[in-house]
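Enquirer: Okay, so here is final_13.tsv, and as you'll see once you scroll down, it has TSV, C-alpha atoms.
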```
chain	number	residue	atom	x	y	z
C	11	MET	CA	-13.79	-6.25	-6.32
C	12	THR	CA	-17.49	-6.61	-5.51
C	13	SER	CA	-19.18	-10.00	-5.52
C	14	THR	CA	-21.07	-9.12	-8.71
C	15	ASN	CA	-21.49	-12.24	-10.84
C	16	ARG	CA	-19.54	-11.16	-13.89
C	17	THR	CA	-20.13	-14.36	-15.84
C	18	LEU	CA	-23.89	-14.00	-15.37
C	19	ASN	CA	-23.75	-10.34	-16.48
C	20	ARG	CA	-21.89	-11.23	-19.64
C	21	LEU	CA	-24.15	-14.20	-20.35
C	22	PHE	CA	-27.22	-11.99	-19.89
C	23	LEU	CA	-25.83	-9.33	-22.25
C	24	LEU	CA	-24.78	-11.98	-24.78
C	25	LEU	CA	-28.19	-13.69	-24.78
C	26	ALA	CA	-30.06	-10.38	-25.00
C	27	GLY	CA	-27.75	-9.30	-27.84
C	28	LEU	CA	-28.12	-12.56	-29.78
C	29	LEU	CA	-31.91	-12.44	-29.38
C	30	LEU	CA	-32.11	-8.85	-30.66
C	31	LEU	CA	-29.70	-9.65	-33.47
C	32	ALA	CA	-31.76	-12.67	-34.54
C	33	VAL	CA	-35.09	-10.80	-34.36
C	34	GLY	CA	-33.65	-7.77	-36.18
C	35	ALA	CA	-32.04	-9.87	-38.92
C	36	ALA	CA	-35.25	-11.89	-39.38
C	37	ALA	CA	-37.33	-8.70	-39.68
C	38	VAL	CA	-34.99	-7.19	-42.27
C	39	LEU	CA	-34.80	-10.46	-44.23
C	40	LEU	CA	-38.58	-10.73	-44.24
C	41	ALA	CA	-38.81	-7.23	-45.68
C	42	VAL	CA	-36.30	-7.78	-48.49
C	43	VAL	CA	-36.68	-11.39	-49.69
C	44	PRO	CA	-38.73	-11.83	-52.91
C	45	ASP	CA	-41.43	-13.96	-51.24
C	46	GLY	CA	-41.59	-11.55	-48.28
C	47	PRO	CA	-45.31	-10.68	-48.70
C	48	ALA	CA	-46.32	-14.36	-48.71
C	49	ARG	CA	-44.19	-15.10	-45.64
C	50	TRP	CA	-45.57	-12.01	-43.89
C	51	ASP	CA	-49.12	-13.19	-44.59
C	52	ARG	CA	-48.29	-16.53	-42.95
C	53	VAL	CA	-46.97	-14.64	-39.88
C	54	ARG	CA	-50.14	-12.51	-39.74
C	55	THR	CA	-52.37	-15.59	-39.99
C	56	ALA	CA	-50.40	-17.35	-37.25
C	57	VAL	CA	-50.69	-14.30	-34.96
C	58	ASP	CA	-54.44	-13.95	-35.63
C	59	ASP	CA	-55.01	-17.68	-34.98
C	60	GLY	CA	-52.95	-17.52	-31.80
C	61	MET	CA	-54.89	-14.52	-30.53
C	62	ALA	CA	-58.25	-16.14	-31.33
C	63	ARG	CA	-57.19	-19.32	-29.53
C	64	ALA	CA	-55.92	-17.36	-26.51
C	65	TRP	CA	-59.17	-15.43	-26.31
C	66	SER	CA	-61.34	-18.53	-26.53
C	67	TRP	CA	-59.31	-20.44	-23.93
C	68	ARG	CA	-61.39	-19.48	-20.94
C	69	GLY	CA	-61.74	-20.50	-17.37
C	70	ASP	CA	-64.88	-20.33	-15.29
C	71	LEU	CA	-64.09	-18.11	-12.31
C	72	ASP	CA	-67.64	-17.64	-11.08
C	73	ALA	CA	-66.55	-18.75	-7.63
C	74	VAL	CA	-64.53	-15.56	-7.19
C	75	GLY	CA	-67.04	-13.39	-9.00
C	76	LEU	CA	-65.04	-12.92	-12.23
C	77	GLY	CA	-67.22	-15.04	-14.51
C	78	SER	CA	-65.68	-16.44	-17.72
C	79	VAL	CA	-62.16	-15.09	-18.01
C	80	PRO	CA	-59.51	-15.85	-20.67
C	81	TRP	CA	-56.62	-17.69	-19.01
C	82	LEU	CA	-54.33	-15.29	-20.83
C	83	LEU	CA	-55.66	-12.53	-18.60
C	84	LEU	CA	-54.28	-14.40	-15.62
C	85	LEU	CA	-51.18	-16.03	-17.07
C	86	VAL	CA	-49.58	-13.00	-18.72
C	87	PRO	CA	-49.61	-10.77	-15.61
C	88	VAL	CA	-48.35	-13.67	-13.44
C	89	ALA	CA	-45.51	-14.40	-15.90
C	90	VAL	CA	-44.67	-10.68	-16.08
C	91	VAL	CA	-44.55	-10.37	-12.28
C	92	VAL	CA	-42.32	-13.46	-11.96
C	93	LEU	CA	-39.90	-12.22	-14.64
C	94	VAL	CA	-39.79	-8.68	-13.22
C	95	VAL	CA	-39.05	-10.07	-9.74
C	96	LEU	CA	-36.24	-12.23	-11.21
C	97	LEU	CA	-34.82	-9.18	-12.99
C	98	GLY	CA	-35.06	-7.22	-9.72
C	99	VAL	CA	-33.11	-9.96	-7.91
C	100	PHE	CA	-30.53	-9.89	-10.71
C	101	VAL	CA	-30.13	-6.11	-10.41
C	102	GLY	CA	-30.00	-6.38	-6.62
C	103	THR	CA	-27.02	-8.74	-6.72
C	104	GLN	CA	-24.84	-6.12	-8.44
C	105	GLY	CA	-22.17	-4.32	-6.45
C	106	ARG	CA	-22.48	-6.32	-3.25
C	107	GLY	CA	-19.75	-7.99	-1.22
C	108	ARG	CA	-18.61	-5.29	1.20
C	109	ALA	CA	-17.69	-6.67	4.59
C	110	ARG	CA	-18.25	-4.92	7.90
C	111	ASP	CA	-15.56	-7.01	9.60
C	112	VAL	CA	-12.05	-8.00	8.64
C	113	VAL	CA	-12.21	-10.83	11.17
C	114	ALA	CA	-15.63	-12.34	11.80
C	115	ASP	CA	-16.69	-14.53	14.72
C	116	ARG	CA	-13.25	-15.99	15.41
C	117	ARG	CA	-13.16	-18.53	18.24
C	118	VAL	CA	-10.64	-17.90	20.99
C	119	PRO	CA	-8.97	-21.29	21.41
C	120	GLU	CA	-7.35	-20.48	24.76
C	121	ALA	CA	-10.56	-19.42	26.41
C	122	SER	CA	-11.95	-21.72	29.05
C	123	VAL	CA	-15.46	-20.74	28.03
C	124	THR	CA	-16.79	-20.43	24.47
C	125	ALA	CA	-15.68	-17.02	23.27
C	126	SER	CA	-15.36	-15.39	19.89
C	127	TYR	CA	-14.41	-11.99	18.57
C	128	SER	CA	-14.72	-9.87	15.44
C	129	VAL	CA	-12.61	-7.00	14.19
C	130	ASP	CA	-14.45	-4.13	12.55
C	131	ALA	CA	-13.18	-2.99	9.14
C	132	ALA	CA	-12.99	0.55	10.56
C	133	VAL	CA	-9.97	-0.53	12.63
C	134	ALA	CA	-8.06	-1.59	9.52
C	135	ARG	CA	-9.23	1.56	7.77
C	136	GLU	CA	-7.89	3.88	10.44
C	137	VAL	CA	-4.55	2.08	10.85
C	138	VAL	CA	-3.89	1.94	7.09
C	139	ARG	CA	-5.06	5.52	6.54
C	140	GLN	CA	-2.92	7.03	9.26
C	141	GLU	CA	0.20	5.16	8.17
C	142	ALA	CA	-0.35	5.78	4.44
C	143	LEU	CA	-0.74	9.55	4.87
C	144	ARG	CA	2.44	9.81	6.92
C	145	GLY	CA	4.87	9.66	3.99
C	146	GLY	CA	3.85	12.53	1.73
C	147	ALA	CA	3.42	10.84	-1.66
C	148	VAL	CA	-0.09	9.60	-0.89
C	149	SER	CA	-2.56	12.48	-0.60
C	150	SER	CA	-5.70	10.49	0.21
C	151	VAL	CA	-6.65	6.90	0.81
C	152	ARG	CA	-9.95	5.07	1.01
C	153	VAL	CA	-10.01	1.64	2.62
C	154	VAL	CA	-12.89	-0.83	2.20
C	155	ALA	CA	-13.11	-4.49	3.23
C	156	TYR	CA	-14.65	-7.03	0.88
C	157	ARG	CA	-15.53	-10.68	0.97
C	158	VAL	CA	-13.65	-12.57	-1.73
C	159	GLY	CA	-14.88	-16.16	-1.68
C	160	THR	CA	-14.43	-17.26	1.91
C	161	VAL	CA	-11.73	-14.73	2.83
C	162	ARG	CA	-11.75	-11.01	3.57
C	163	ALA	CA	-9.68	-8.64	1.46
C	164	LEU	CA	-8.81	-4.96	1.77
C	165	ARG	CA	-9.18	-2.57	-1.12
C	166	LEU	CA	-7.30	0.71	-1.01
C	167	VAL	CA	-7.86	3.58	-3.41
C	168	ALA	CA	-4.98	5.98	-2.97
C	169	GLY	CA	-4.51	9.38	-4.56
C	170	VAL	CA	-0.90	10.07	-5.44
C	171	ARG	CA	0.34	13.63	-5.13
C	172	ARG	CA	1.28	15.19	-8.46
C	173	ASN	CA	5.07	15.15	-8.89
C	174	ALA	CA	5.44	12.27	-6.43
C	175	PRO	CA	6.70	9.07	-8.05
C	176	VAL	CA	4.22	6.19	-8.16
C	177	THR	CA	6.82	3.78	-6.80
C	178	ARG	CA	7.15	5.93	-3.69
C	179	ALA	CA	3.38	5.89	-3.21
C	180	VAL	CA	3.46	2.08	-3.52
C	181	ASP	CA	6.24	1.91	-0.90
C	182	GLU	CA	4.21	4.07	1.47
C	183	LEU	CA	1.09	1.96	0.96
C	184	GLU	CA	3.13	-1.21	1.55
C	185	ALA	CA	4.43	0.29	4.79
C	186	ALA	CA	0.87	1.11	5.82
C	187	VAL	CA	-0.25	-2.45	5.09
C	188	ALA	CA	2.78	-3.75	7.00
C	189	ALA	CA	1.66	-1.70	10.00
C	190	TRP	CA	-1.74	-3.39	9.79
C	191	ASP	CA	-0.11	-6.82	9.32
C	192	ALA	CA	1.86	-6.27	12.53
C	193	LEU	CA	-1.41	-5.82	14.44
C	194	ALA	CA	-3.59	-8.38	12.70
C	195	VAL	CA	-3.76	-12.12	13.21
C	196	ASP	CA	-4.43	-12.84	9.54
C	197	ARG	CA	-2.51	-11.65	6.51
C	198	LEU	CA	-5.36	-10.25	4.42
C	199	PRO	CA	-5.10	-10.05	0.63
C	200	VAL	CA	-4.78	-6.39	-0.34
C	201	VAL	CA	-5.44	-4.64	-3.62
C	202	ALA	CA	-4.35	-1.03	-3.96
C	203	ARG	CA	-5.44	1.19	-6.82
C	204	ILE	CA	-3.43	4.35	-7.35
C	205	VAL	CA	-5.33	7.25	-8.85
C	206	ARG	CA	-4.65	10.93	-9.51
C	207	GLY	CA	-4.52	12.81	-6.25
C	208	THR	CA	-4.18	16.48	-5.41
C	209	ARG	CA	-1.86	18.58	-7.49
C	210	ASP	CA	1.42	19.64	-5.99
C	211	VAL	CA	2.02	23.39	-6.06
C	212	ARG	CA	5.26	22.81	-7.92
C	213	THR	CA	3.33	21.69	-11.02
C	214	ALA	CA	2.46	25.29	-11.75
C	215	ARG	CA	6.03	26.56	-11.58
C	216	ARG	CA	7.73	27.95	-14.65
C	217	VAL	CA	10.95	26.33	-15.69
C	218	SER	CA	13.56	28.61	-17.12
C	219	PRO	CA	15.85	26.94	-19.67
C	220	ALA	CA	18.67	29.32	-18.78
C	221	ALA	CA	18.46	28.52	-15.10
C	222	ALA	CA	17.69	24.83	-15.36
C	223	PRO	CA	20.39	22.25	-16.06
C	224	VAL	CA	19.82	19.79	-18.91
C	225	ARG	CA	18.62	17.06	-16.55
C	226	VAL	CA	16.65	17.94	-13.47
C	227	GLU	CA	15.77	15.28	-10.92
C	228	THR	CA	12.15	15.84	-10.04
C	229	GLY	CA	9.24	13.90	-8.80
C	230	THR	CA	10.38	13.80	-5.21
C	231	VAL	CA	8.50	15.64	-2.52
C	232	GLY	CA	10.01	16.03	0.97
C	233	PRO	CA	11.36	14.89	3.37
S	25	MET	CA	1.61	-10.82	-2.55
S	26	SER	CA	-0.85	-12.45	-0.25
S	27	ALA	CA	-0.46	-16.00	0.92
S	28	VAL	CA	-2.94	-17.16	-1.71
S	29	PRO	CA	-1.84	-16.40	-5.31
S	30	ALA	CA	-5.26	-17.46	-6.65
S	31	VAL	CA	-6.91	-14.71	-4.57
S	32	ASP	CA	-4.37	-12.19	-5.88
S	33	ARG	CA	-5.09	-13.23	-9.47
S	34	ARG	CA	-8.81	-12.89	-8.83
S	35	LEU	CA	-8.39	-9.45	-7.25
S	36	SER	CA	-6.19	-8.30	-10.10
S	37	ARG	CA	-8.62	-9.58	-12.72
S	38	ARG	CA	-11.60	-7.95	-10.98
S	39	GLU	CA	-9.85	-4.60	-10.67
S	40	THR	CA	-8.57	-4.47	-14.23
S	41	HIS	CA	-11.68	-5.68	-16.08
S	42	SER	CA	-15.21	-4.30	-16.13
S	43	SER	CA	-17.91	-6.31	-14.37
S	44	ARG	CA	-20.44	-5.09	-16.98
S	45	ALA	CA	-22.76	-4.31	-14.07
S	46	GLY	CA	-23.85	-0.97	-15.55
S	47	SER	CA	-24.80	-2.38	-18.97
S	48	ALA	CA	-26.49	-5.43	-17.43
S	49	VAL	CA	-28.56	-3.25	-15.08
S	50	VAL	CA	-29.64	-0.94	-17.93
S	51	VAL	CA	-30.70	-3.89	-20.13
S	52	ALA	CA	-32.48	-5.55	-17.19
S	53	LEU	CA	-34.39	-2.35	-16.35
S	54	LEU	CA	-35.40	-1.78	-19.99
S	55	LEU	CA	-36.54	-5.39	-20.22
S	56	ALA	CA	-38.55	-5.00	-17.00
S	57	VAL	CA	-40.24	-1.84	-18.33
S	58	LEU	CA	-41.05	-3.62	-21.62
S	59	LEU	CA	-42.47	-6.64	-19.78
S	60	LEU	CA	-44.59	-4.45	-17.51
S	61	ALA	CA	-45.91	-2.53	-20.53
S	62	VAL	CA	-46.84	-5.80	-22.25
S	63	GLY	CA	-48.47	-7.15	-19.09
S	64	VAL	CA	-50.49	-4.02	-18.38
S	65	GLY	CA	-51.42	-3.71	-22.07
S	66	CYS	CA	-52.68	-7.30	-22.17
S	67	VAL	CA	-54.80	-6.89	-19.07
S	68	ALA	CA	-56.24	-3.60	-20.32
S	69	LEU	CA	-57.10	-5.11	-23.72
S	70	LEU	CA	-58.65	-8.23	-22.32
S	71	ALA	CA	-60.65	-6.29	-19.77
S	72	ALA	CA	-61.93	-3.93	-22.48
S	73	HIS	CA	-62.88	-6.84	-24.79
S	74	PRO	CA	-64.55	-9.51	-22.72
S	75	GLY	CA	-66.11	-11.13	-25.84
S	76	GLN	CA	-64.97	-14.34	-27.52
S	77	THR	CA	-63.03	-12.64	-30.33
S	78	PRO	CA	-59.91	-10.50	-30.01
S	79	PRO	CA	-60.04	-6.84	-31.15
S	80	ASP	CA	-59.11	-6.19	-34.76
S	81	ARG	CA	-56.30	-3.81	-33.89
S	82	LEU	CA	-54.24	-6.72	-32.55
S	83	SER	CA	-53.85	-8.00	-36.14
S	84	LEU	CA	-50.56	-7.21	-37.84
S	85	ARG	CA	-50.60	-4.65	-40.63
S	86	PRO	CA	-50.39	-5.79	-44.29
S	87	PHE	CA	-46.92	-6.26	-45.77
S	88	ASP	CA	-46.65	-2.93	-47.62
S	89	ALA	CA	-47.64	-0.96	-44.53
S	90	ALA	CA	-45.42	-2.99	-42.22
S	91	ARG	CA	-42.32	-3.02	-44.46
S	92	PRO	CA	-40.75	0.30	-43.34
S	93	ALA	CA	-41.20	-0.67	-39.69
S	94	LEU	CA	-39.72	-4.12	-40.39
S	95	VAL	CA	-36.61	-2.62	-42.02
S	96	GLY	CA	-36.16	0.26	-39.54
S	97	GLY	CA	-36.94	-1.74	-36.44
S	98	GLY	CA	-34.95	-4.72	-37.68
S	99	VAL	CA	-31.83	-2.66	-38.38
S	100	ALA	CA	-32.10	-0.87	-35.01
S	101	ALA	CA	-32.62	-4.15	-33.13
S	102	ALA	CA	-29.71	-5.78	-34.94
S	103	LEU	CA	-27.37	-2.85	-34.17
S	104	VAL	CA	-28.28	-2.86	-30.47
S	105	GLY	CA	-27.86	-6.64	-30.54
S	106	VAL	CA	-24.34	-6.32	-31.97
S	107	VAL	CA	-23.42	-3.79	-29.24
S	108	LEU	CA	-24.72	-6.13	-26.52
S	109	VAL	CA	-22.90	-9.14	-28.00
S	110	VAL	CA	-19.66	-7.14	-28.06
S	111	LEU	CA	-20.24	-6.07	-24.43
S	112	GLY	CA	-20.81	-9.71	-23.52
S	113	ILE	CA	-17.69	-11.00	-25.25
S	114	ALA	CA	-15.08	-8.17	-25.16
S	115	PRO	CA	-12.68	-8.28	-22.20
S	116	GLY	CA	-13.70	-4.81	-20.98
S	117	ARG	CA	-10.20	-3.88	-19.90
S	118	LEU	CA	-10.13	-0.85	-17.62
S	119	ARG	CA	-7.54	1.89	-18.02
S	120	ARG	CA	-5.23	0.75	-15.25
S	121	ARG	CA	-2.35	-1.68	-14.98
S	122	ARG	CA	-0.58	-3.86	-12.45
S	123	ILE	CA	2.85	-2.83	-11.17
S	124	ALA	CA	5.38	-4.59	-8.98
S	125	SER	CA	4.66	-4.84	-5.27
S	126	GLN	CA	5.94	-7.23	-2.62
S	127	ARG	CA	2.84	-7.33	-0.47
S	128	MET	CA	-0.17	-6.17	-2.49
S	129	VAL	CA	-1.83	-6.30	-5.83
S	130	ALA	CA	-0.84	-2.77	-6.87
S	131	LEU	CA	-2.62	-1.14	-9.79
S	132	VAL	CA	-2.03	2.27	-11.26
S	133	ASP	CA	-4.42	4.29	-13.41
S	134	ASP	CA	-3.22	5.19	-16.90
S	135	GLY	CA	-3.74	8.87	-16.03
S	136	VAL	CA	-1.20	8.60	-13.23
S	137	VAL	CA	1.27	6.91	-15.58
S	138	ALA	CA	0.75	9.72	-18.08
S	139	ASP	CA	1.28	12.37	-15.37
S	140	GLU	CA	4.52	10.82	-14.19
S	141	VAL	CA	5.91	10.44	-17.71
S	142	ALA	CA	4.91	14.03	-18.55
S	143	ASP	CA	6.50	15.38	-15.36
S	144	ARG	CA	9.79	13.59	-15.99
S	145	VAL	CA	9.95	14.55	-19.67
S	146	CYS	CA	9.14	18.16	-18.75
S	147	SER	CA	11.98	18.16	-16.29
S	148	VAL	CA	14.61	16.58	-18.49
S	149	LEU	CA	13.79	18.90	-21.40
S	150	ALA	CA	13.18	21.95	-19.19
S	151	LEU	CA	9.74	22.49	-20.75
S	152	GLU	CA	6.46	23.72	-19.35
S	153	PRO	CA	3.75	21.14	-18.63
S	154	ARG	CA	1.57	22.41	-21.50
S	155	GLN	CA	4.35	21.51	-23.98
S	156	VAL	CA	4.22	17.78	-23.22
S	157	ARG	CA	1.23	15.57	-23.93
S	158	VAL	CA	1.20	11.88	-23.06
S	159	LEU	CA	-1.26	9.31	-24.39
S	160	VAL	CA	-1.16	5.93	-22.64
S	161	THR	CA	-2.84	3.00	-24.40
S	162	HIS	CA	-2.88	-0.64	-23.34
S	163	ARG	CA	0.34	-1.54	-25.17
S	164	ARG	CA	2.37	1.65	-25.25
S	165	ALA	CA	2.59	5.35	-24.54
S	166	THR	CA	3.06	8.21	-26.99
S	167	VAL	CA	4.78	11.35	-25.73
S	168	THR	CA	4.25	14.41	-27.92
S	169	VAL	CA	6.62	17.28	-27.23
S	170	THR	CA	6.10	20.81	-28.58
S	171	PRO	CA	9.53	22.46	-28.55
S	172	ILE	CA	10.38	26.13	-28.21
S	173	SER	CA	11.28	27.41	-31.67
S	174	GLY	CA	15.02	27.61	-32.11
S	175	MET	CA	15.86	25.66	-28.93
S	176	PRO	CA	17.49	22.24	-29.41
S	177	LEU	CA	15.95	19.30	-27.53
S	178	ASP	CA	17.80	16.40	-25.94
S	179	THR	CA	15.34	13.91	-27.43
S	180	GLU	CA	17.57	10.88	-26.74
S	181	SER	CA	17.54	11.49	-22.99
S	182	ALA	CA	13.81	12.22	-23.04
S	183	GLN	CA	13.10	9.09	-25.08
S	184	ALA	CA	15.17	6.91	-22.74
S	185	LEU	CA	13.57	8.43	-19.65
S	186	ALA	CA	10.03	8.10	-21.01
S	187	ASP	CA	10.70	4.52	-22.05
S	188	GLU	CA	12.17	3.56	-18.67
S	189	THR	CA	9.31	5.22	-16.76
S	190	THR	CA	6.51	3.65	-18.79
S	191	ARG	CA	8.03	0.15	-18.65
S	192	ARG	CA	8.52	0.45	-14.88
S	193	LEU	CA	4.86	1.45	-14.56
S	194	GLY	CA	3.62	-1.58	-16.45
S	195	VAL	CA	3.35	-0.37	-20.06
S	196	PRO	CA	4.87	-3.32	-21.95
S	197	GLY	CA	5.73	-1.52	-25.19
S	198	GLY	CA	7.45	1.46	-23.53
S	199	ALA	CA	7.12	4.96	-24.94
S	200	ARG	CA	7.48	6.64	-28.31
S	201	LEU	CA	8.63	10.24	-28.35
S	202	VAL	CA	7.17	12.49	-31.05
S	203	VAL	CA	8.46	16.02	-31.54
S	204	SER	CA	5.79	18.31	-32.92
S	205	ASP	CA	6.57	20.01	-36.27
S	206	HIS	CA	5.46	23.40	-34.99
S	207	GLY	CA	7.18	24.89	-31.97
S	208	VAL	CA	5.99	27.58	-29.60
S	209	VAL	CA	7.48	31.04	-29.48
S	210	GLY	CA	9.16	31.81	-26.18
S	211	ARG	CA	7.34	31.12	-22.96
```
Can you dump the structure from the file as structure tokens?
Expert:
Amino acid sequence: MTSTNRTLNRLFLLLAGLLLLAVGAAAVLLAVVPDGPARWDRVRTAVDDGMARAWSWRGDLDAVGLGSVPWLLLLVPVAVVVLVVLLGVFVGTQGRGRARDVVADRRVPEASVTASYSVDAAVAREVVRQEALRGGAVSSVRVVAYRVGTVRALRLVAGVRRNAPVTRAVDELEAAVAAWDALAVDRLPVVARIVRGTRDVRTARRVSPAAAPVRVETGTVGP
Amino acid sequence: MSAVPAVDRRLSRRETHSSRAGSAVVVALLLAVLLLAVGVGCVALLAAHPGQTPPDRLSLRPFDAARPALVGGGVAAALVGVVLVVLGIAPGRLRRRRIASQRMVALVDDGVVADEVADRVCSVLALEPRQVRVLVTHRRATVTVTPISGMPLDTESAQALADETTRRLGVPGGARLVVSDHGVVGR
């Protein structure tokens, strides 16, 4: 429900996985192929040459009192900082998208002066909560507003009482959303997730086969 | 349903599939730590060796000495790589399913489905909750009933009820009722 970029997450995991897979496979192959030692020597020579070149590639930084400094000393930390900042931005984009309003900066067309209004998500939360808890099948409900593209959407997480049928919980949540619809100007998209709620005391009862008929209608609580 | 079916589809998809945020954050943090270690290590080395030649210890070890590390490290890297590729490609379906609703995208956790099936089977067979176990997978549910020794069970009714309940709650393959070979003695 959040605005987390799922495609980017998967692409990132896929690329990291493919890179590790390629490096790992290359390392194992290098260790087991018959001409492994010769290939490894070529790798060692290339690394040594690269290091020597990096060390000798120097810049004159007398002006700032550093003298002759290998460029590597400056480039590696700068590259590391840039990449770490990018990774930080990537991590920071996860789990966002909550909205404080369900209606934001709406112009009032009838007003003779420029006027606009917003509706706080807490209003929707209270209306939906109060209505949802009225029926008896829903034991708890959490309501959060999210931005989905350009629209706002409500997300409900409702605990269903043990022994109460799920369909009844859905009916009660629909009634709660209908109560909000009756107040609101817009018909917001709503997603409701039904999770395990509190246990009903009747769960712990003992059922006697002698006393109970073959088929017992259960799963209904009140009224 | 909302007025915009595309939004409903998007909501449903987002609620029933993992965003992979957790795995992506862990990999990103590990990568950041690795990069910082490399960066700090480079600076420390270069600062400690201001001469024109790099220190000897930056050279790779000879083949015989490096071989165990190549095999061990290579296998470990490849295994982690496979896990990450699977995380990147697999759908990451969460244990919940969509059920019918006029107004909303309604989703129910598999645990709730299992509870409801177990409650109804318990009732129809007049059993205690501990005698009925329900496993709900993506395609179907398996209901395992442990009978009371010597007491007949109306398995047809229980099977029909479990099947109807699971299908109504979005399990496409319905339910399979399994009666345990070993019963319990009394209550």
Enquirer: Counting all atoms listed in the file, which of S:Gly65, S:Pro29, S:Gly98, S:Pro79 gets nearest to chain C?
Expert: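 Going through S:Gly65, S:Pro29, S:Gly98, S:Pro79 one by one, the smallest distance to chain C is for S:Gly98.
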Enquirer: Can you tell me, as a compact mmCIF listing (two decimals) with C-alpha atoms, in the frame of the given file, what residues are no more than 10 Å from Arg154 in chain S when counting all atoms listed in the file, ignoring any on the same chain fewer than 6 positions away?
Expert:
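Generated file (result_7.txt):
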```txt
# COMPACT_ATOMS: atom_id res chain seq x y z
CA ALA S 142 4.91 14.03 -18.55
CA CYS S 146 9.14 18.16 -18.75
CA VAL S 169 6.62 17.28 -27.23
CA THR S 170 6.10 20.81 -28.58
```
Enquirer: Check the smallest atom-to-atom distance from each of C:Ala26, C:Arg157, C:Ala56, C:Pro47 to Leu55 in chain S using only C-alpha atoms, then report the winner.
Expert: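 Nearest to Leu55 in chain S: C:Ala26.
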Enquirer: Of the candidates C:Ser149, C:Ser78, C:Thr124, C:Gln140, which one gets nearest to chain S if we count only C-alpha atoms?
Expert: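 Checking each of C:Ser149, C:Ser78, C:Thr124, C:Gln140 against chain S, counting only C-alpha atoms, the winner is C:Ser78.
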Enquirer: If we count all atoms listed in the file, what is near Ala168 in chain C at a cut-off of 9 Å, once residues fewer than 3 positions away on the same chain are taken out, given as a PyMOL selection string?
Expert: chain C and resi 142+148-153+179+183+202-207
Enquirer: Between CA of Trp190 in chain C and CA of Thr177 in chain C, measure the distance and give it in Å to one decimal.
Expert: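 The value is 20.0 Å.
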Enquirer: Residues near Gly69 in chain C, anyone? I mean within 7 Å using all atoms listed in the file, not counting same-chain ones fewer than 4 positions away, as a list in words.
Expert: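 Skipping anything fewer than 4 positions along the chain leaves Ser78, Val79, Pro80 and Trp81 of chain C.
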Enquirer: Take the residues from that selection and put them in a file with C-alpha atoms, as a compact mmCIF listing (two decimals), in the frame of the given file.
Expert:
```
# COMPACT_ATOMS: atom_id res chain seq x y z
CA SER C 78 -65.68 -16.44 -17.72
CA VAL C 79 -62.16 -15.09 -18.01
CA PRO C 80 -59.51 -15.85 -20.67
CA TRP C 81 -56.62 -17.69 -19.01
```
Enquirer: Could you check the closest approach to chain S for each of C:Asp130, C:Asp70, C:Asp115, C:Asp196 and tell me which residue wins, using only C-alpha atoms?
Expert: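 Looking at the shortest contact to chain S, the residue is C:Asp196.
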Enquirer: Which residues come within 9 Å of Asp187 in chain S, counting only C-alpha atoms, excluding same-chain residues fewer than 3 positions away, as number ranges by chain?
Expert: S: 141, 165, 182-184, 190-192, 197-201
Enquirer: Could you jot down the CA of Ser126 in chain C to CA of Arg110 in chain C separation for me, Å, one decimal place?
Expert: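 So the two atoms, CA of Ser126 in chain C and CA of Arg110 in chain C, lie 16.2 Å apart.
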Enquirer: Please measure the separation of CA of Val57 in chain S and CA of Ala101 in chain S, giving the value in Å to one decimal.
Expert: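 Value for the CA of Val57 in chain S-CA of Ala101 in chain S distance: 16.8 Å.
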Enquirer: How big is the axis-aligned box around the listed atoms of range 142-145 of chain S once 3 Å is added on each side, and where is its centre? Give both in Å to one decimal, as JSON.
Expert:
```
{"center_x": 7.4, "center_y": 14.5, "center_z": -17.5, "size_x": 11.0, "size_y": 7.8, "size_z": 10.3}
```
Enquirer: For a quick check of understanding, using only C-alpha atoms, which of C:Val138, C:Ala131, C:Val180, C:Leu193 has the smallest distance to Ala124 in chain S?
Expert: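 Nearest candidate to Ala124 in chain S out of C:Val138, C:Ala131, C:Val180, C:Leu193: C:Val180.
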Enquirer: Copy range 167-174 of chain S out of the block into a file, keeping N, CA and C atoms, as a PDB file, in the first residue's frame.
Expert:
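Writing the result to part_27.pdb gives the following:
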```
ATOM      1  N   VAL S 167      -7.715 -30.134   5.828  1.00  0.00           N
ATOM      2  CA  VAL S 167      -8.295 -30.177   7.172  1.00  0.00           C
ATOM      3  C   VAL S 167      -8.009 -31.559   7.751  1.00  0.00           C
ATOM      4  N   THR S 168      -7.239 -31.608   8.819  1.00  0.00           N
ATOM      5  CA  THR S 168      -6.909 -32.890   9.446  1.00  0.00           C
ATOM      6  C   THR S 168      -7.719 -33.027  10.729  1.00  0.00           C
ATOM      7  N   VAL S 169      -8.508 -34.095  10.781  1.00  0.00           N
ATOM      8  CA  VAL S 169      -9.386 -34.313  11.925  1.00  0.00           C
ATOM      9  C   VAL S 169      -8.891 -35.519  12.719  1.00  0.00           C
ATOM     10  N   THR S 170      -8.751 -35.354  14.016  1.00  0.00           N
ATOM     11  CA  THR S 170      -8.388 -36.481  14.892  1.00  0.00           C
ATOM     12  C   THR S 170      -9.662 -36.908  15.615  1.00  0.00           C
ATOM     13  N   PRO S 171     -10.213 -38.069  15.251  1.00  0.00           N
ATOM     14  CA  PRO S 171     -11.504 -38.457  15.844  1.00  0.00           C
ATOM     15  C   PRO S 171     -11.346 -38.991  17.266  1.00  0.00           C
ATOM     16  N   ILE S 172     -12.474 -39.144  17.937  1.00  0.00           N
ATOM     17  CA  ILE S 172     -12.479 -39.825  19.232  1.00  0.00           C
ATOM     18  C   ILE S 172     -12.620 -41.308  18.923  1.00  0.00           C
ATOM     19  N   SER S 173     -11.747 -42.115  19.493  1.00  0.00           N
ATOM     20  CA  SER S 173     -11.766 -43.553  19.193  1.00  0.00           C
ATOM     21  C   SER S 173     -13.156 -44.138  19.446  1.00  0.00           C
ATOM     22  N   GLY S 174     -13.639 -44.855  18.441  1.00  0.00           N
ATOM     23  CA  GLY S 174     -14.921 -45.525  18.591  1.00  0.00           C
ATOM     24  C   GLY S 174     -16.129 -44.679  18.220  1.00  0.00           C
TER      25      GLY S 174
END
```
